[in-house]
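One file, input_1.cif, is given below (mmCIF, C-alpha atoms and all ligand atoms).
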```
data_final
#
loop_
_atom_site.label_atom_id
_atom_site.label_comp_id
_atom_site.auth_asym_id
_atom_site.auth_seq_id
_atom_site.Cartn_x
_atom_site.Cartn_y
_atom_site.Cartn_z
CA MET L 1 -20.40 2.30 -19.83
CA LYS L 2 -19.77 2.30 -23.59
CA ASN L 3 -20.88 5.84 -24.48
CA MET L 4 -19.51 7.34 -21.29
CA ASN L 5 -16.56 9.67 -21.05
CA LEU L 6 -14.02 7.17 -19.74
CA PRO L 7 -10.65 8.11 -18.25
CA LEU L 8 -7.69 7.27 -20.44
CA HIS L 9 -5.56 6.37 -17.42
CA VAL L 10 -6.92 5.08 -14.10
CA GLY L 11 -4.80 4.74 -10.95
CA ILE L 12 -5.96 2.41 -8.20
CA ILE L 13 -4.70 2.58 -4.61
CA MET L 14 -5.55 -0.88 -3.36
CA ASP L 15 -5.88 -0.16 0.36
CA GLY L 16 -7.52 -2.05 3.21
CA ASN L 17 -6.10 -5.59 3.05
CA GLY L 18 -4.83 -5.49 6.63
CA ARG L 19 -8.11 -4.25 8.08
CA TRP L 20 -10.06 -6.80 6.04
CA ALA L 21 -7.99 -9.56 7.68
CA LYS L 22 -8.13 -8.00 11.16
CA LYS L 23 -11.93 -7.88 11.04
CA ARG L 24 -11.85 -11.65 10.59
CA GLY L 25 -9.18 -12.30 13.22
CA LEU L 26 -6.70 -13.33 10.50
CA PRO L 27 -3.07 -12.30 9.94
CA ARG L 28 -2.52 -9.31 7.64
CA LYS L 29 -0.81 -11.46 5.03
CA ILE L 30 -4.04 -13.39 4.48
CA GLY L 31 -5.61 -10.05 3.60
CA HIS L 32 -2.85 -9.46 1.05
CA GLY L 33 -3.51 -12.90 -0.44
CA GLU L 34 -7.20 -11.99 -0.87
CA GLY L 35 -6.16 -8.60 -2.23
CA ALA L 36 -3.98 -10.28 -4.86
CA LYS L 37 -6.94 -12.34 -6.05
CA VAL L 38 -9.06 -9.21 -6.36
CA PHE L 39 -6.25 -7.45 -8.23
CA LYS L 40 -6.30 -10.23 -10.86
CA LYS L 41 -10.08 -9.94 -11.18
CA CYS L 42 -9.80 -6.18 -11.44
CA VAL L 43 -7.45 -6.50 -14.43
CA ASP L 44 -10.25 -8.48 -16.11
CA TYR L 45 -12.81 -5.78 -15.27
CA CYS L 46 -10.51 -3.18 -16.83
CA ILE L 47 -10.28 -5.30 -19.99
CA GLU L 48 -14.05 -5.78 -20.10
CA LEU L 49 -14.59 -2.05 -19.70
CA GLU L 50 -12.02 -1.40 -22.44
CA LEU L 51 -9.84 0.88 -20.36
CA ASN L 52 -6.56 1.94 -21.93
CA TYR L 53 -4.16 2.41 -19.03
CA VAL L 54 -4.42 1.29 -15.43
CA THR L 55 -1.82 1.66 -12.69
CA PHE L 56 -2.21 -0.41 -9.54
CA TYR L 57 -0.42 0.75 -6.39
CA ALA L 58 0.74 -2.53 -4.85
CA PHE L 59 3.71 -1.63 -2.64
CA SER L 60 5.02 1.80 -1.65
CA THR L 61 8.57 2.81 -0.76
CA GLU L 62 7.24 3.34 2.78
CA ASN L 63 5.64 -0.12 2.92
CA LYS L 64 9.20 -1.49 3.19
CA ASN L 65 9.13 -0.32 6.81
CA ARG L 66 6.50 -2.90 7.74
CA SER L 67 7.47 -6.11 9.53
CA LYS L 68 9.79 -8.49 7.68
CA ASP L 69 7.10 -11.12 7.83
CA GLU L 70 4.60 -8.90 6.02
CA VAL L 71 7.11 -7.60 3.44
CA ASP L 72 8.29 -11.15 2.70
CA ALA L 73 4.67 -12.27 2.26
CA LEU L 74 4.08 -9.45 -0.23
CA ILE L 75 7.22 -10.30 -2.23
CA LYS L 76 6.10 -13.94 -2.30
CA LEU L 77 2.73 -12.86 -3.74
CA PHE L 78 4.44 -10.81 -6.48
CA ASP L 79 6.61 -13.82 -7.20
CA GLU L 80 3.66 -16.19 -7.49
CA TYR L 81 1.81 -13.74 -9.70
CA LEU L 82 4.82 -13.49 -12.00
CA ASP L 83 4.83 -17.25 -12.51
CA ASP L 84 1.43 -16.90 -14.11
CA ILE L 85 2.30 -14.27 -16.69
CA ARG L 86 1.24 -16.40 -19.67
CA LYS L 87 -2.36 -15.56 -18.72
CA MET L 88 -1.61 -11.88 -19.22
CA ASN L 89 -0.22 -12.62 -22.66
CA ASP L 90 -3.38 -14.54 -23.56
CA LYS L 91 -5.35 -11.44 -22.56
CA ASN L 92 -3.15 -9.17 -24.71
CA VAL L 93 -2.16 -7.14 -21.60
CA LYS L 94 1.04 -5.10 -21.68
CA LEU L 95 2.67 -5.12 -18.25
CA ARG L 96 5.04 -2.54 -16.77
CA PHE L 97 6.47 -2.40 -13.27
CA LEU L 98 6.89 1.11 -11.91
CA GLY L 99 9.26 1.73 -9.02
CA ASP L 100 12.75 1.13 -7.74
CA LEU L 101 13.07 -2.56 -8.60
CA GLU L 102 16.60 -2.83 -7.16
CA PHE L 103 14.98 -3.55 -3.80
CA PHE L 104 13.62 -6.92 -4.93
CA PRO L 105 15.55 -10.20 -4.84
CA GLU L 106 17.38 -10.87 -8.11
CA LYS L 107 15.01 -13.69 -9.05
CA THR L 108 11.88 -11.56 -8.59
CA ARG L 109 13.40 -8.61 -10.45
CA LYS L 110 14.33 -10.86 -13.35
CA LYS L 111 10.78 -12.19 -13.51
CA MET L 112 9.46 -8.61 -13.59
CA LEU L 113 11.73 -7.68 -16.49
CA ASP L 114 10.93 -10.94 -18.30
CA ALA L 115 7.20 -10.24 -17.90
CA GLU L 116 7.66 -6.74 -19.36
CA ASN L 117 9.57 -8.16 -22.31
CA ALA L 118 7.16 -11.04 -22.85
CA THR L 119 4.14 -8.70 -22.96
CA GLY L 120 5.92 -5.74 -24.56
CA ASN L 121 4.25 -6.06 -27.96
CA ASN L 122 0.74 -6.62 -26.62
CA THR L 123 -1.77 -4.03 -27.78
CA GLY L 124 -4.57 -4.39 -25.22
CA LEU L 125 -4.77 -2.97 -21.71
CA LYS L 126 -1.60 -1.20 -20.56
CA CYS L 127 -1.35 -2.47 -17.00
CA ASN L 128 1.22 -0.93 -14.66
CA ILE L 129 2.00 -2.32 -11.24
CA ALA L 130 3.67 0.14 -8.88
CA VAL L 131 6.01 -1.76 -6.58
CA ASN L 132 8.53 -0.19 -4.23
CA TYR L 133 7.08 2.92 -5.81
CA GLY L 134 7.09 6.40 -4.31
CA GLY L 135 6.24 9.59 -6.18
CA ARG L 136 9.10 11.43 -4.47
CA ASN L 137 11.53 8.60 -5.20
CA GLU L 138 10.44 8.68 -8.85
CA ILE L 139 11.01 12.44 -9.15
CA LEU L 140 14.41 12.23 -7.42
CA HIS L 141 15.40 9.32 -9.65
CA ALA L 142 14.46 11.43 -12.70
CA VAL L 143 16.44 14.42 -11.43
CA SER L 144 19.52 12.25 -10.80
CA ARG L 145 19.44 11.02 -14.37
CA ILE L 146 18.93 14.53 -15.75
CA VAL L 147 21.91 15.82 -13.74
CA SER L 148 24.10 12.91 -14.79
CA GLU L 149 23.27 13.61 -18.44
CA ASN L 150 24.19 17.29 -17.97
CA VAL L 151 20.77 18.39 -19.22
CA ARG L 152 20.32 22.09 -18.29
CA GLU L 153 16.81 22.81 -19.47
CA LEU L 154 13.76 20.75 -20.29
CA THR L 155 10.01 21.02 -20.77
CA GLU L 156 7.41 19.36 -18.56
CA GLU L 157 6.87 16.80 -21.30
CA GLU L 158 10.59 16.04 -21.49
CA PHE L 159 10.75 15.75 -17.71
CA GLY L 160 7.88 13.24 -17.88
CA ASN L 161 10.03 11.04 -20.08
CA TYR L 162 12.43 10.52 -17.18
CA LEU L 163 9.65 9.15 -14.97
CA TYR L 164 8.71 5.48 -14.64
CA THR L 165 5.54 6.30 -16.62
CA SER L 166 7.54 7.56 -19.60
CA GLY L 167 5.43 7.52 -22.75
CA MET L 168 2.14 7.23 -20.88
CA PRO L 169 -0.60 9.81 -20.43
CA ASP L 170 -1.12 11.53 -17.06
CA VAL L 171 -3.49 9.79 -14.69
CA ASP L 172 -7.10 11.04 -15.07
CA LEU L 173 -8.80 9.23 -12.23
CA ILE L 174 -7.41 7.88 -8.96
CA ILE L 175 -9.57 5.44 -7.04
CA ARG L 176 -8.63 4.71 -3.43
CA THR L 177 -10.34 1.98 -1.48
CA GLY L 178 -10.13 1.45 2.28
CA GLY L 179 -11.66 4.74 3.41
CA GLU L 180 -8.54 6.93 3.73
CA ARG L 181 -8.57 10.15 1.75
CA ARG L 182 -4.97 10.70 0.88
CA ILE L 183 -2.53 10.09 -1.95
CA SER L 184 0.22 8.33 0.08
CA ASN L 185 3.03 9.20 -2.37
CA PHE L 186 1.26 7.84 -5.47
CA LEU L 187 1.85 9.41 -8.93
CA LEU L 188 2.61 12.87 -7.50
CA TRP L 189 3.72 14.39 -10.80
CA GLN L 190 1.19 12.60 -13.02
CA ALA L 191 -1.81 13.43 -10.81
CA ALA L 192 -1.59 17.22 -11.27
CA TYR L 193 -5.16 17.34 -12.65
CA ALA L 194 -6.45 13.93 -11.63
CA GLU L 195 -9.97 13.39 -10.31
CA TYR L 196 -10.32 11.35 -7.12
CA VAL L 197 -12.88 8.79 -6.05
CA PHE L 198 -12.59 7.49 -2.49
CA SER L 199 -14.40 4.34 -1.48
CA ASP L 200 -14.91 2.88 1.98
CA VAL L 201 -14.86 -0.64 0.53
CA LEU L 202 -11.81 -2.58 1.74
CA TRP L 203 -9.76 -3.75 -1.25
CA PRO L 204 -10.50 -7.51 -0.86
CA ASP L 205 -14.23 -6.63 -1.08
CA PHE L 206 -13.85 -4.52 -4.25
CA LYS L 207 -16.25 -5.60 -7.03
CA LYS L 208 -16.82 -4.72 -10.66
CA LYS L 209 -19.75 -2.53 -9.65
CA ASP L 210 -17.41 -0.45 -7.46
CA LEU L 211 -15.17 0.20 -10.44
CA GLU L 212 -18.19 1.06 -12.58
CA GLU L 213 -19.45 3.47 -9.91
CA ALA L 214 -16.09 5.22 -9.83
CA LEU L 215 -16.09 5.53 -13.63
CA LYS L 216 -19.62 6.96 -13.53
CA ALA L 217 -18.55 9.50 -10.90
CA PHE L 218 -15.60 10.46 -13.11
CA ALA L 219 -17.86 10.91 -16.14
CA ALA L 220 -19.99 13.38 -14.17
CA ARG L 221 -17.05 15.57 -13.16
CA ASN L 222 -16.38 18.90 -14.79
CA ARG L 223 -12.67 19.08 -15.48
CA ARG L 224 -11.43 22.56 -16.20
CA PHE L 225 -7.64 22.27 -16.14
CA GLY L 226 -7.44 25.82 -14.84
CA LYS L 227 -9.24 27.27 -17.85
C1 LIG F 301 -2.91 -2.22 1.13
O1 LIG F 301 -3.47 -2.69 2.30
C2 LIG F 301 -1.81 -3.09 0.60
C3 LIG F 301 -0.46 -2.56 0.87
C4 LIG F 301 -0.21 -1.38 1.34
C5 LIG F 301 0.66 -3.42 0.57
P1 LIG F 301 -2.87 -2.36 3.73
O2 LIG F 301 -1.87 -3.40 4.06
O3 LIG F 301 -2.35 -0.97 3.80
O4 LIG F 301 -4.17 -2.52 4.62
P2 LIG F 301 -4.65 -1.60 5.80
O5 LIG F 301 -4.67 -0.19 5.27
O6 LIG F 301 -3.67 -1.77 6.91
O7 LIG F 301 -6.01 -2.10 6.11
C1 LIG F 302 -0.87 3.07 0.16
O1 LIG F 302 -1.44 2.47 1.26
C2 LIG F 302 0.06 2.12 -0.52
C3 LIG F 302 -0.57 1.00 -1.20
C4 LIG F 302 -1.84 0.74 -1.27
C5 LIG F 302 0.33 0.11 -1.89
P1 LIG F 302 -0.83 2.59 2.73
O2 LIG F 302 -1.70 1.81 3.62
O3 LIG F 302 0.61 2.25 2.70
O4 LIG F 302 -0.96 4.16 3.01
P2 LIG F 302 -1.12 4.94 4.38
O5 LIG F 302 -0.06 4.42 5.30
O6 LIG F 302 -2.50 4.65 4.87
O7 LIG F 302 -0.96 6.38 4.00
MG MG F 303 -3.23 0.80 4.27
#
```
Starting from the coordinates I provided, produce the structure as structure tokens.
Amino acid sequence: MKNMNLPLHVGIIMDGNGRWAKKRGLPRKIGHGEGAKVFKKCVDYCIELELNYVTFYAFSTENKNRSKDEVDALIKLFDEYLDDIRKMNDKNVKLRFLGDLEFFPEKTRKKMLDAENATGNNTGLKCNIAVNYGGRNEILHAVSRIVSENVRELTEEEFGNYLYTSGMPDVDLIIRTGGERRISNFLLWQAAYAEYVFSDVLWPDFKKKDLEEALKAFAARNRRFGK
């Protein structure tokens, strides 16, 4: 992997937890629990592969419309993960939460902000977790701020600074597990010239070799950026 042309910023749509559980006759939330374990392992793979930026899609603005039971189970998983943030610090990971965090209970939101502050000076992997994230919501949120600041004109780069990913490079590669071939409201602005790798593997079955395969596929792509 070392001498390969690696993407600077990888986005990962972690899809397929529900189907993974269904196949085993288990409730969907068990699939999310397995998915959370794989997410933690995947952060380690990203560190081992020396990636710079990774953004995990964990919970979309539309996912709020799922049953209360499932949404509560997901919030509980975020909460449990946030209790373990010291591990991220030991790994020199810099965490950021992308999305409309107002949705989360006060205690969870505080833990998210504390985690960002606690890891803010880390210089290793920049790890973003998109929660209650929607690309359209993000763009609207940016426009609202621009209007409220009476800004009349701005460049694409300046517009980017109003997004949740402010200060980060555009996403180069988006990996989606779970077999669907769609973007589902992920990084709409940032993905203008992204490459896509779709995998039929359900997220709880995702392994390091699957990530490596996606990176190899990316390295073989011919990106032209319209030129
Ligand atoms: C992805 O798995 C995790 C979230 C969207 C929170 P799903 O829950 O969408 O699993 P499937 O697609 O129903 O299998
Ligand atoms: C996308 O998966 C969102 C996340 C993985 C967090 P969904 O399962 O919500 O997307 P659709 O419904 O298949 O488009
Ligand atoms: Mg899904």
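Counting all atoms listed in the file and comparing L:Val197, L:Val151, L:Leu51, L:Ile12, the residue that lies closest to ligand LIG 302 (chain F) is L:Ile12.
CA of Pro169 in chain L to CA of Thr108 in chain L spans 27.4 Å [interatomic distance, one decimal].
If all atoms listed in the file are the atoms counted, then among L:Ala115, L:Ala36, L:Leu140, L:Ile13 the closest residue to ligand LIG 302 (chain F) is L:Ile13.
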| task | Give the residues close to ligand MG 303 (chain F), within 7 Å, counting only C-alpha atoms and all ligand atoms; write them as a list in words. | result | Asp15, Gly16 and Gly18 of chain L
Let me have the centre and edge lengths in Å, one decimal, of the box along x, y and z around every listed atom of ligand LIG 302 (chain F) with 6 Å of margin on each side, as JSON.
```
{"center_x": -0.9, "center_y": 3.2, "center_z": 1.7, "size_x": 15.1, "size_y": 18.3, "size_z": 19.2}
```
| field | Exercise answer, 8 Å around ligand LIG 302 (chain F) with all atoms listed in the file, as an MDAnalysis selection string | value | chainID L and resid 13:16 57:60 62:63 130:131 180 182:186
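Ranking L:Asp172, L:Asp72, L:Asp84, L:Asp114 by their shortest atom-to-atom distance to Phe97 in chain L, with all atoms listed in the file included, puts L:Asp114 first.
Across the structure, CA of Ala194 in chain L and CA of Cys127 in chain L are spaced 18.0 Å apart.
Distances from L:Asn128, L:Asn137, L:Thr123, L:Ser144 to Gly11 in chain L were compared using all atoms listed in the file, and the smallest one belongs to L:Asn128.
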If we count all atoms listed in the file and set the cut-off at 12 Å, which residues sit around Lys87 in chain L, ignoring sequence neighbours fewer than 3 positions away in its own chain? Please answer as a PDB file with C-alpha atoms, keeping the file's coordinate frame.
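Final file, selection-v5.pdb:
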```
ATOM      1  CA  LYS L  40      -6.300 -10.230 -10.860  1.00  0.00           C
ATOM      2  CA  VAL L  43      -7.450  -6.500 -14.430  1.00  0.00           C
ATOM      3  CA  ASP L  44     -10.250  -8.480 -16.110  1.00  0.00           C
ATOM      4  CA  TYR L  81       1.810 -13.740  -9.700  1.00  0.00           C
ATOM      5  CA  LEU L  82       4.820 -13.490 -12.000  1.00  0.00           C
ATOM      6  CA  ASP L  83       4.830 -17.250 -12.510  1.00  0.00           C
ATOM      7  CA  ASP L  84       1.430 -16.900 -14.110  1.00  0.00           C
ATOM      8  CA  ASP L  90      -3.380 -14.540 -23.560  1.00  0.00           C
ATOM      9  CA  LYS L  91      -5.350 -11.440 -22.560  1.00  0.00           C
ATOM     10  CA  ASN L  92      -3.150  -9.170 -24.710  1.00  0.00           C
ATOM     11  CA  VAL L  93      -2.160  -7.140 -21.600  1.00  0.00           C
ATOM     12  CA  LYS L  94       1.040  -5.100 -21.680  1.00  0.00           C
ATOM     13  CA  LEU L  95       2.670  -5.120 -18.250  1.00  0.00           C
ATOM     14  CA  ALA L 115       7.200 -10.240 -17.900  1.00  0.00           C
ATOM     15  CA  ALA L 118       7.160 -11.040 -22.850  1.00  0.00           C
ATOM     16  CA  THR L 119       4.140  -8.700 -22.960  1.00  0.00           C
TER      17      THR L 119
END
```
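The smallest atom-to-atom distance between Lys37 in chain L and any of L:Glu70, L:Asp205, L:Glu138, L:Glu102, using all atoms listed in the file, is found for L:Asp205.
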| request: Kindly give the distance, in Å, that separates CA of Arg224 in chain L and CA of Gly134 in chain L, rounded to a single decimal. | output: 27.3 Å
| field | Contact residues around Leu187 in chain L with all atoms listed in the file at 8 Å, ignoring same-chain residues under 4 positions, as a ChimeraX atom specification | value | /L:134-135,171,191
All heavy atoms for range 196-207 of chain L, written as an mmCIF file, in the coordinates of the input, could you do that?
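Result written to part-v1.cif:
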```
data_model
loop_
_atom_site.group_PDB
_atom_site.id
_atom_site.type_symbol
_atom_site.label_atom_id
_atom_site.label_comp_id
_atom_site.auth_asym_id
_atom_site.auth_seq_id
_atom_site.Cartn_x
_atom_site.Cartn_y
_atom_site.Cartn_z
ATOM 1 N N TYR L 196 -10.450 12.378 -8.158
ATOM 2 C CA TYR L 196 -10.320 11.350 -7.120
ATOM 3 C C TYR L 196 -11.676 10.751 -6.781
ATOM 4 O O TYR L 196 -12.666 11.474 -6.691
ATOM 5 C CB TYR L 196 -9.738 11.952 -5.830
ATOM 6 C CG TYR L 196 -8.295 12.340 -6.014
ATOM 7 C CD1 TYR L 196 -7.958 13.579 -6.536
ATOM 8 C CD2 TYR L 196 -7.280 11.448 -5.719
ATOM 9 C CE1 TYR L 196 -6.638 13.926 -6.752
ATOM 10 C CE2 TYR L 196 -5.960 11.782 -5.934
ATOM 11 C CZ TYR L 196 -5.646 13.024 -6.449
ATOM 12 O OH TYR L 196 -4.345 13.342 -6.678
ATOM 13 N N VAL L 197 -11.692 9.456 -6.597
ATOM 14 C CA VAL L 197 -12.880 8.790 -6.050
ATOM 15 C C VAL L 197 -12.400 7.943 -4.868
ATOM 16 O O VAL L 197 -11.517 7.102 -5.017
ATOM 17 C CB VAL L 197 -13.590 7.908 -7.102
ATOM 18 C CG1 VAL L 197 -14.650 7.041 -6.451
ATOM 19 C CG2 VAL L 197 -14.218 8.770 -8.193
ATOM 20 N N PHE L 198 -12.962 8.240 -3.697
ATOM 21 C CA PHE L 198 -12.590 7.490 -2.490
ATOM 22 C C PHE L 198 -13.737 6.548 -2.139
ATOM 23 O O PHE L 198 -14.904 6.941 -2.179
ATOM 24 C CB PHE L 198 -12.330 8.451 -1.337
ATOM 25 C CG PHE L 198 -11.154 9.354 -1.587
ATOM 26 C CD1 PHE L 198 -11.337 10.666 -1.997
ATOM 27 C CD2 PHE L 198 -9.859 8.868 -1.461
ATOM 28 C CE1 PHE L 198 -10.249 11.501 -2.252
ATOM 29 C CE2 PHE L 198 -8.766 9.692 -1.708
ATOM 30 C CZ PHE L 198 -8.965 11.008 -2.109
ATOM 31 N N SER L 199 -13.374 5.319 -1.812
ATOM 32 C CA SER L 199 -14.400 4.340 -1.480
ATOM 33 C C SER L 199 -14.070 3.722 -0.118
ATOM 34 O O SER L 199 -12.911 3.470 0.194
ATOM 35 C CB SER L 199 -14.405 3.253 -2.566
ATOM 36 O OG SER L 199 -15.010 2.089 -2.076
ATOM 37 N N ASP L 200 -15.126 3.492 0.667
ATOM 38 C CA ASP L 200 -14.910 2.880 1.980
ATOM 39 C C ASP L 200 -14.727 1.360 1.889
ATOM 40 O O ASP L 200 -14.354 0.722 2.862
ATOM 41 C CB ASP L 200 -16.102 3.179 2.906
ATOM 42 C CG ASP L 200 -16.116 4.655 3.291
ATOM 43 O OD1 ASP L 200 -15.027 5.265 3.313
ATOM 44 O OD2 ASP L 200 -17.202 5.195 3.552
ATOM 45 N N VAL L 201 -14.996 0.810 0.721
ATOM 46 C CA VAL L 201 -14.860 -0.640 0.530
ATOM 47 C C VAL L 201 -13.392 -1.036 0.773
ATOM 48 O O VAL L 201 -12.483 -0.377 0.278
ATOM 49 C CB VAL L 201 -15.265 -1.014 -0.911
ATOM 50 C CG1 VAL L 201 -14.922 -2.457 -1.233
ATOM 51 C CG2 VAL L 201 -16.739 -0.750 -1.130
ATOM 52 N N LEU L 202 -13.176 -2.088 1.557
ATOM 53 C CA LEU L 202 -11.810 -2.580 1.740
ATOM 54 C C LEU L 202 -11.408 -3.345 0.477
ATOM 55 O O LEU L 202 -12.249 -4.030 -0.123
ATOM 56 C CB LEU L 202 -11.729 -3.491 2.978
ATOM 57 C CG LEU L 202 -12.165 -2.817 4.294
ATOM 58 C CD1 LEU L 202 -12.214 -3.841 5.435
ATOM 59 C CD2 LEU L 202 -11.234 -1.658 4.668
ATOM 60 N N TRP L 203 -10.153 -3.218 0.064
ATOM 61 C CA TRP L 203 -9.760 -3.750 -1.250
ATOM 62 C C TRP L 203 -10.216 -5.193 -1.505
ATOM 63 O O TRP L 203 -10.750 -5.493 -2.570
ATOM 64 C CB TRP L 203 -8.258 -3.574 -1.486
ATOM 65 C CG TRP L 203 -7.853 -4.172 -2.802
ATOM 66 C CD1 TRP L 203 -7.128 -5.298 -3.006
ATOM 67 C CD2 TRP L 203 -8.226 -3.691 -4.117
ATOM 68 N NE1 TRP L 203 -7.006 -5.558 -4.347
ATOM 69 C CE2 TRP L 203 -7.675 -4.591 -5.053
ATOM 70 C CE3 TRP L 203 -8.973 -2.601 -4.587
ATOM 71 C CZ2 TRP L 203 -7.831 -4.433 -6.434
ATOM 72 C CZ3 TRP L 203 -9.140 -2.443 -5.958
ATOM 73 C CH2 TRP L 203 -8.570 -3.352 -6.859
ATOM 74 N N PRO L 204 -10.081 -6.128 -0.549
ATOM 75 C CA PRO L 204 -10.500 -7.510 -0.860
ATOM 76 C C PRO L 204 -12.004 -7.630 -1.144
ATOM 77 O O PRO L 204 -12.442 -8.645 -1.689
ATOM 78 C CB PRO L 204 -10.108 -8.299 0.394
ATOM 79 C CG PRO L 204 -9.004 -7.496 0.995
ATOM 80 C CD PRO L 204 -9.378 -6.057 0.752
ATOM 81 N N ASP L 205 -12.780 -6.598 -0.810
ATOM 82 C CA ASP L 205 -14.230 -6.630 -1.080
ATOM 83 C C ASP L 205 -14.597 -5.878 -2.360
ATOM 84 O O ASP L 205 -15.772 -5.754 -2.698
ATOM 85 C CB ASP L 205 -14.998 -5.989 0.099
ATOM 86 C CG ASP L 205 -14.905 -6.818 1.366
ATOM 87 O OD1 ASP L 205 -14.868 -8.060 1.252
ATOM 88 O OD2 ASP L 205 -14.860 -6.220 2.459
ATOM 89 N N PHE L 206 -13.603 -5.355 -3.066
ATOM 90 C CA PHE L 206 -13.850 -4.520 -4.250
ATOM 91 C C PHE L 206 -14.451 -5.366 -5.375
ATOM 92 O O PHE L 206 -13.942 -6.431 -5.705
ATOM 93 C CB PHE L 206 -12.534 -3.891 -4.688
ATOM 94 C CG PHE L 206 -12.665 -2.811 -5.729
ATOM 95 C CD1 PHE L 206 -13.064 -1.528 -5.371
ATOM 96 C CD2 PHE L 206 -12.365 -3.063 -7.067
ATOM 97 C CE1 PHE L 206 -13.159 -0.521 -6.322
ATOM 98 C CE2 PHE L 206 -12.462 -2.064 -8.028
ATOM 99 C CZ PHE L 206 -12.854 -0.791 -7.653
ATOM 100 N N LYS L 207 -15.547 -4.865 -5.975
ATOM 101 C CA LYS L 207 -16.250 -5.600 -7.030
ATOM 102 C C LYS L 207 -16.300 -4.766 -8.309
ATOM 103 O O LYS L 207 -16.041 -3.573 -8.296
ATOM 104 C CB LYS L 207 -17.701 -5.886 -6.589
ATOM 105 C CG LYS L 207 -17.836 -6.685 -5.287
ATOM 106 C CD LYS L 207 -17.645 -8.169 -5.530
ATOM 107 C CE LYS L 207 -17.869 -9.008 -4.289
ATOM 108 N NZ LYS L 207 -17.073 -8.656 -3.114
#
```
